[in-house]
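Working notes, beginning with the structure itself.
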Amino acid sequence: MPRRSRTSVAALAAVLALLAPGCTGIASGVRGTPGAAGLRDPYFPKLGNGGYDVGHYGLTLAYDPASGRLDGTAEITARATQDLSAFNLDLAGLTVRGATVDGAPAAYNRAGNELTLRPREELPAGTEFRATVTYSGVPEPITDADGSEEGWLRTPDGAVAVGEPTGSMSWFPGNHHPSDKASYDLVLTLPARVEGLSNGVRTARRTEPDGRVTTVWHTAEPMASYLATVAIGRYETGTATALGAVPVLTAVERPAAAGSAALRKEIPVILARQVKRFGPYPFSAAGAVVTGNESLDYALETQTRPLFPAGSFDRTTFVHEQAHQWFGDSVTPKSWRDIWLNEGFATYAEWLYGEEYEHVPARTRFERAFAQDANWAFPPAAPPAAENLFDPPVYQRGAMVLHKLRETVGDRVFDEILRGWPAKYRHANAGTDDFTAYAESVAGRDLDALWDVWLYGDGKPGKP
Ligand code: ARG
Ligand code: ZN
């Protein structure tokens, strides 16, 4: 072997190592690979994207209710979690006009609901970067697996945006899996004859030179994108204060305004009662939006400002959506399989409220739920398909799990769990395993027998 070959063999080996599967090149410095197109959610494998973590969304939106046209810019601040040559955002419909990464134009490509951005320079793991996407078009609603409509829903005077489980991709590009939470700033420009609302605190309102009105909304605490909302229409707004310091902003679309006054006044009282059971309120704003939209047939726990179709703005539904602020919004599921951690808790919050303030024992509600066949279609921890995520077993059997837990560990320990769970995972994500482990740690004992039957068990137990 000639002398110089030793070093060349070593150099060649190093080059070969660089060419390991997935590598896009051997350029000096970073050798990034594209981030994954999805986070492998059991129901929506392509929802969300790998390779980065969003810290903040800055959304600038202008909407014209007459034509339905939305003009948007999304400015996404994120941190690379791998050496990235390209990364995806989820976006359904609309037309992308341009994209930049750290101020430089980025190549982009669309396939289905995946928008791929390829920055000029690769992004080393750990770096913060800023991606902007400029887009426009008439947003299309998304029909869910269960047949309900979500996303950007037009109303006679405006629109409402609801995003559970995947609708937010219809109005802004992002990492639309619940596991990637971020803070938000949203700037909304509208014709002066309509009112616009979103999550969090309204920090500014100004009239543009052309007469349109811009409002600015700030969401400081982490928010999953499915909880982001915009409501545009002929709303009548009202303000109050809850818990001594939390601003409450309610908005009711004109036709429904009169009938909602009493419940709107009661909001601070309900909040105070829930704080007693669930611990400190996790957000710096509160309220409710009641829309006249007839195509929306469910209420949604949009963060800080739950949204209700006019017909479902009643105390029970409000208690449910408000409880989600702790269970779902602050403690957010790791994947959509953990949805019972949202709906089971929010349903149990109704039972608790009924017990404390309306004198219906939770045991009575439990027995009623036990008797209904629809609640036994599948175990709450394992909805069989996307179309079942919001079926009765997730809500009612989810609540039954909590009631059985309460009867097993006793009221005192149960109260501790109810307050401790949202404290431990405040503003974070948690899954079913995290909950069972946490409950066992507080109870100081193994609860497998309970979980096996009530949380994972297929059949209906012999007795309630
Ligand atoms: N989370 C809502 C509730 O509070 C229900 C959302 C239903 N969404 C759907 N796509 N079916 O119960
Ligand atoms: Zn719910």
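Residue numbers start at 1 in each chain; chains themselves are named A, B, ... in the order of the structure tokens; ligands are numbered from 1 in the order shown.
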- Exercise answer, 6 Å around ligand 1 with only C-alpha atoms and all ligand atoms, as a ChimeraX atom specification: /A:144,148,164,298-301,321,390
Go ahead and write the selection's residues with N, CA, C and O atoms as a JSON list (two decimals), in the first residue's frame.
```
[["chain", "number", "residue", "atom", "x", "y", "z"],
["A", 144, "ASP", "N", -64.99, 17.06, 9.03],
["A", 144, "ASP", "CA", -64.33, 16.06, 9.87],
["A", 144, "ASP", "C", -64.78, 14.66, 9.55],
["A", 144, "ASP", "O", -65.82, 14.46, 8.93],
["A", 148, "SER", "N", -68.85, 16.63, 11.04],
["A", 148, "SER", "CA", -69.04, 18.03, 11.44],
["A", 148, "SER", "C", -68.05, 18.93, 10.69],
["A", 148, "SER", "O", -67.04, 18.49, 10.19],
["A", 164, "GLU", "N", -60.70, 22.16, 16.10],
["A", 164, "GLU", "CA", -60.51, 20.84, 16.72],
["A", 164, "GLU", "C", -61.13, 19.74, 15.86],
["A", 164, "GLU", "O", -62.32, 19.78, 15.63],
["A", 298, "TYR", "N", -71.50, 22.71, 17.55],
["A", 298, "TYR", "CA", -70.92, 22.36, 18.84],
["A", 298, "TYR", "C", -70.20, 23.58, 19.39],
["A", 298, "TYR", "O", -69.84, 24.48, 18.65],
["A", 299, "ALA", "N", -70.04, 23.59, 20.70],
["A", 299, "ALA", "CA", -69.24, 24.64, 21.33],
["A", 299, "ALA", "C", -67.78, 24.18, 21.34],
["A", 299, "ALA", "O", -67.51, 22.98, 21.25],
["A", 300, "LEU", "N", -66.87, 25.11, 21.42],
["A", 300, "LEU", "CA", -65.45, 24.75, 21.44],
["A", 300, "LEU", "C", -64.71, 25.59, 22.48],
["A", 300, "LEU", "O", -64.97, 26.79, 22.62],
["A", 301, "GLU", "N", -63.76, 24.92, 23.15],
["A", 301, "GLU", "CA", -63.04, 25.54, 24.26],
["A", 301, "GLU", "C", -61.88, 26.42, 23.80],
["A", 301, "GLU", "O", -60.79, 26.38, 24.38],
["A", 321, "GLU", "N", -67.00, 24.05, 28.79],
["A", 321, "GLU", "CA", -65.95, 24.70, 27.99],
["A", 321, "GLU", "C", -64.97, 25.45, 28.88],
["A", 321, "GLU", "O", -63.77, 25.52, 28.59],
["A", 390, "PHE", "N", -65.03, 12.24, 19.26],
["A", 390, "PHE", "CA", -65.97, 13.03, 20.07],
["A", 390, "PHE", "C", -67.28, 12.28, 20.33],
["A", 390, "PHE", "O", -68.34, 12.86, 20.50]]
```
Hey, which bits of range 42-83 of chain A sit within 10 Å of range 322-340 of chain A, and for each residue what's the closest pair of atoms and how far apart in Å (one decimal), counting only C-alpha atoms, rows by chain and increasing number, as a Markdown table?
```
| residue | atom | partner | partner_atom | distance |
| --- | --- | --- | --- | --- |
| A:Pro42 | CA | A:Arg337 | CA | 6.8 |
| A:Tyr43 | CA | A:Trp336 | CA | 6.9 |
| A:Phe44 | CA | A:Trp336 | CA | 8.3 |
```
- Task: Using only C-alpha atoms, find the one residue out of A:Ala386, A:Ala145, A:Leu186, A:Val401 that sits nearest to Pro45 in chain A.
- Result: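 Residue with the minimum atom-to-atom distance to Pro45 in chain A: A:Ala386.
Taking CA of Val248 in chain A and CA of Arg419 in chain A as the two end points, the separation is 22.8 Å.
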- For CA of Tyr226 in chain A and CA of Ser168 in chain A, quote the distance in Å rounded to one decimal. 5.8 Å
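When CA of Glu350 in chain A is paired with CA of Ala423 in chain A, their separation reads 20.2 Å.
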- Query: Neighbours of Gly344 in chain A within 8 Å (only C-alpha atoms; same-chain residues fewer than 3 positions away dropped), as an MDAnalysis selection string?
  - Reply: chainID A and resid 340:341 347:348 394:402
- Task: Any chance you could list, as a PyMOL selection string, the residues in range 230-430 of chain A that come up alpha helix (DSSP H) when DSSP is run on the backbone?
- Result: chain A and resi 261-278+315-323+340-357+362-371+392+398-409+411-424
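Remark: for Ala228 in chain A, the closest of the candidate residues A:Gln303, A:Asn88, A:Asn109, A:Thr77 is A:Gln303 (distances computed over only C-alpha atoms).
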- Which of these residues is nearest to ligand 2, using only C-alpha atoms and all ligand atoms: A:Pro191, A:Pro268, A:Pro119, A:Pro392?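 Comparing A:Pro191, A:Pro268, A:Pro119, A:Pro392 against ligand 2, the winner is A:Pro392.
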